[in-house]
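Let me begin by presenting the structure, written as structure tokens, before commenting on it.
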Amino acid sequence: MLGVCAAAATGPAAGQAPAPVELRLLPGPARLSVTDTFALGFRLRGAALAAVPTFPELEGLRKAGRRRTTTTRRSNGRTFSELTVLQGYVPYGEGELSIRPFELIVNGQPLRYPGGQLLVEAAAPPPLSGTGDLDQLFGKPKPALYQEMPDRAYLALEADRAQVFAGEGARVGLYFYLRPADQALLAFYDFDDQLPRLFRQLRQPTAWEVAAAPPGAAPDTVRRAGQPYLRFRLAESTYYPLTARPLAFPPLALTMTKFKVLRQPEPGQDNRLATYKTYLAPGLTVAVRRLPPAPPGAAIAAVPVGDFRVLEGINRTEFRTGESLTYSFGVEGRGNLAGVLPPPFGLRPGLEIYGPETFETPAPGGGRKIFKYRIVARRPGVLPLDSLLQLVVFNPRTARYDTLRPGLRPVVRGRPTLAAPPLPAPADDPFYGPALANASADLQPLDAYRTARRYAGWLLAGLLLLAGLKAVKS
């Protein structure tokens, strides 16, 4: 039984019946040692938890942390998500305690605890070896009665390529693999705290990072060395290096809950003992190559890197002089869309260019980016867009620079028209002209309005105080 606590629950696959929803109260033991932790909670199966309910205060006990564990069980081609929430309580001393009835509201359903007696006994002699903090919530069974079963699970840090050009994307992911038969032995532990730490270790100061979609609770089924494995995607991002410095990812560690199995299983019991096991993923380095010298007139820093193709569109291929034409030019493919900037239009007499508007549709590892221009031609003839607009890119697949140009050549018909009169300059306006001429060019502090507001408040307070004193004297 295994699941990712931080992931959102996923629905049933197409053609599968939804898993039945079960909600059960876990009342806790009837007796425990004064050094143990009394745990009560609930187990929710087949549905996501809307909100964690508020556990009551119990007389003679104090709250001591909460445990939340999500597991996923696969059976007959279906995935069942099971959430267990346990609230821990520590006794103040020995004796018999009365726990009053209470009610927990979970997803709108009441869970009623009828109340009962709890016997807190004297502490037993300490064991020779510890079994982990999780065992305090479930009592302290004798470790000698349990055996540890071997597993073939491992943690891996993987990249889709070992070397990239500066600006080229490398997809790097952190995955946890295990055999289907080992699901009952492992469960994610304290994932809400471990996952942010792993994210911080994966960050690269010299790369632009684009994170993939959040992972789901259900794992992927893959084959490694000819054997089927369940792969849990813990983190995955595409890194675009901004310099020639290699991408260096440190070794990573993930602590899991691993269950020991009772040597002689007892009917009606869990027959498992929770312990810990830490899995290590070796560090990873992705080499980065410098870009070759850019072609004349292009700066390497402004050249996007990617395997792109041209996308263009136009509202019509023939139009009259003076009419507005909507033209779209962009790229689609694999690469960092953030590095694709609007290409400038070349100057041409009798041609007015407005825009562009930018539209971006991201996809894993790339996507498409469109720039929409509005064009007004004042002279008839063929509009040579290919000589007015171009985008230089570096294609890492061919290791050379490409110049992407438009392929459309719209036709302008009609007689030459005059350009629209320019808008008057602000200095020529009868009102704004003198105001701008007399305006001060001195820089003002950013908090000038805040300071004026503070002084006004002090002045108002002084006036109110003065009015009060006059009223007292009269």
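If you're wondering about the labels, chains in the structure tokens are A, B, ... by order shown, residues count from 1 in each chain, ligands from 1 in order shown.
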Query raised in the report: Residues at most 9 Å from stretch 276-285 of chain A, counting only C-alpha atoms, excluding those fewer than 5 positions away in the same chain, as a ChimeraX atom specification?
Result: /A:131-132,134,153-159,162-163,174,189,246-259
Query - Expected answer as a ChimeraX atom specification: strand (DSSP E) residues in stretch 93-289 of chain A - result: /A:95-99,102-106,109-113,116-121,146-147,154-159,163-165,170-178,186-188,207-211,220-224,227-241,247-249,252-262,272-281,284-289
**Report entry** Best match for closeness to A:Val340 among A:Gly167, A:Thr317, A:Leu273, A:Ser328, counting only C-alpha atoms
**Finding:** A:Gly167
Query raised in the report: What is the atom CA of A:Thr70 to atom CA of A:Leu40 distance in Å?
Result: 16.4 Å
Query - Spatial neighbours of A:Gln87, 9 Å, only C-alpha atoms, chain gap at least 3 places, as a list in words - result: Phe38, Ala39, Leu40, Gly41, Phe55, Lys63, Ala64, Gly65, Arg66, Arg67, Arg68 and Leu137 of chain A
May I have the selected residues written with C-alpha atoms, as a PDB file, in the first residue's frame?
```pdb
ATOM      1  CA  PHE A  38      -2.636   7.438  23.065  1.00  0.00           C
ATOM      2  CA  ALA A  39      -3.757   7.769  19.437  1.00  0.00           C
ATOM      3  CA  LEU A  40      -7.278   8.047  18.082  1.00  0.00           C
ATOM      4  CA  GLY A  41      -8.442   9.105  14.641  1.00  0.00           C
ATOM      5  CA  PHE A  55      -9.983  16.755  17.645  1.00  0.00           C
ATOM      6  CA  LYS A  63      -2.285  16.774  22.510  1.00  0.00           C
ATOM      7  CA  ALA A  64       1.082  15.680  21.122  1.00  0.00           C
ATOM      8  CA  GLY A  65       1.113  15.931  17.317  1.00  0.00           C
ATOM      9  CA  ARG A  66      -0.896  14.488  14.486  1.00  0.00           C
ATOM     10  CA  ARG A  67      -0.008  11.829  11.924  1.00  0.00           C
ATOM     11  CA  ARG A  68      -1.458  11.777   8.426  1.00  0.00           C
ATOM     12  CA  LEU A 137       1.316   5.785  18.192  1.00  0.00           C
TER      13      LEU A 137
END
```
Would you kindly return, as a compact mmCIF listing (two decimals) with N, CA and C atoms, in the first residue's frame, each protein, DNA or RNA residue with an atom no farther than 6 Å from any atom of stretch 43-47 of chain A, considering only C-alpha atoms and excluding same-chain residues fewer than 6 positions away?
```
# COMPACT_ATOMS: atom_id res chain seq x y z
N ALA A 19 -14.44 3.61 -6.64
CA ALA A 19 -14.19 2.85 -5.42
C ALA A 19 -15.21 3.23 -4.35
N PRO A 20 -15.70 2.26 -3.57
CA PRO A 20 -16.66 2.58 -2.52
C PRO A 20 -16.01 3.44 -1.44
N VAL A 21 -16.79 4.38 -0.91
CA VAL A 21 -16.30 5.28 0.12
C VAL A 21 -16.56 4.65 1.49
N GLU A 22 -15.49 4.53 2.28
CA GLU A 22 -15.61 3.96 3.62
C GLU A 22 -15.00 4.95 4.61
N LEU A 23 -15.67 5.13 5.74
CA LEU A 23 -15.20 6.01 6.82
C LEU A 23 -15.33 5.25 8.13
N ARG A 24 -14.20 5.12 8.85
CA ARG A 24 -14.20 4.31 10.07
C ARG A 24 -13.43 5.03 11.16
N PHE A 80 -7.24 2.23 -5.13
CA PHE A 80 -7.99 2.68 -3.95
C PHE A 80 -7.06 3.57 -3.12
N SER A 81 -7.53 4.78 -2.83
CA SER A 81 -6.78 5.70 -1.98
C SER A 81 -7.32 5.62 -0.56
N GLU A 82 -6.42 5.46 0.43
CA GLU A 82 -6.81 5.30 1.82
C GLU A 82 -6.03 6.30 2.67
N LEU A 83 -6.76 7.13 3.40
CA LEU A 83 -6.16 8.15 4.25
C LEU A 83 -6.40 7.81 5.72
N THR A 84 -5.33 7.85 6.50
CA THR A 84 -5.42 7.62 7.94
C THR A 84 -4.92 8.87 8.67
```
Query raised in the report: A:Glu209: which residues within 7 Å, counting only C-alpha atoms, same-chain residues fewer than 4 positions away excluded, as a ChimeraX atom specification?
Result: /A:237-240
Report task. Write out as a count of residues only each polymer residue whose atoms come within 10 Å of stretch 352-357 of chain A, counting only C-alpha atoms; drop sequence neighbours fewer than 5 positions from it. Result -> 24
Report task. Compile the contact shell of A:Leu262 as a PyMOL selection string: residues with an atom at most 7 Å away, counting only C-alpha atoms, same-chain residues fewer than 4 positions apart removed. Result -> chain A and resi 145-147+271-272
Could the residues in this selection be written to a file with C-alpha atoms, as a CSV table (one decimal), in the first residue's frame?
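Okay, selection.csv is ready:
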```csv
chain,number,residue,atom,x,y,z
A,145,LEU,CA,8.1,-11.3,16.8
A,146,TYR,CA,8.4,-9.4,13.5
A,147,GLN,CA,10.7,-10.0,10.6
A,271,ASN,CA,0.3,-8.0,11.7
A,272,ARG,CA,2.7,-5.2,10.8
```
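Selecting helix (DSSP H, G or I) from the backbone DSSP output for stretch 116-307 of chain A yields Leu134, Asp135, Gln136, Leu137, Pro143, Ala144, Leu145, Pro180, Ala181, Asp182, Gln183, Ala184, Leu185, Phe191, Asp192, Asp193, Gln194, Leu195, Pro196, Arg197, Leu198, Phe199, Arg200, Gln201, Leu202, Ile300, Ala301 and Ala302 of chain A.
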Report summary line: Between atom CA of A:Leu32 and atom CA of A:Thr71 lies a distance of 26.8 Å
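Distances from A:Arg454, A:Arg245, A:Val222, A:Leu230 to A:Thr206 were compared using only C-alpha atoms, and the smallest one belongs to A:Arg245.
A straight line drawn from atom CA of A:Leu195 to atom CA of A:Val85 is 19.2 Å long.
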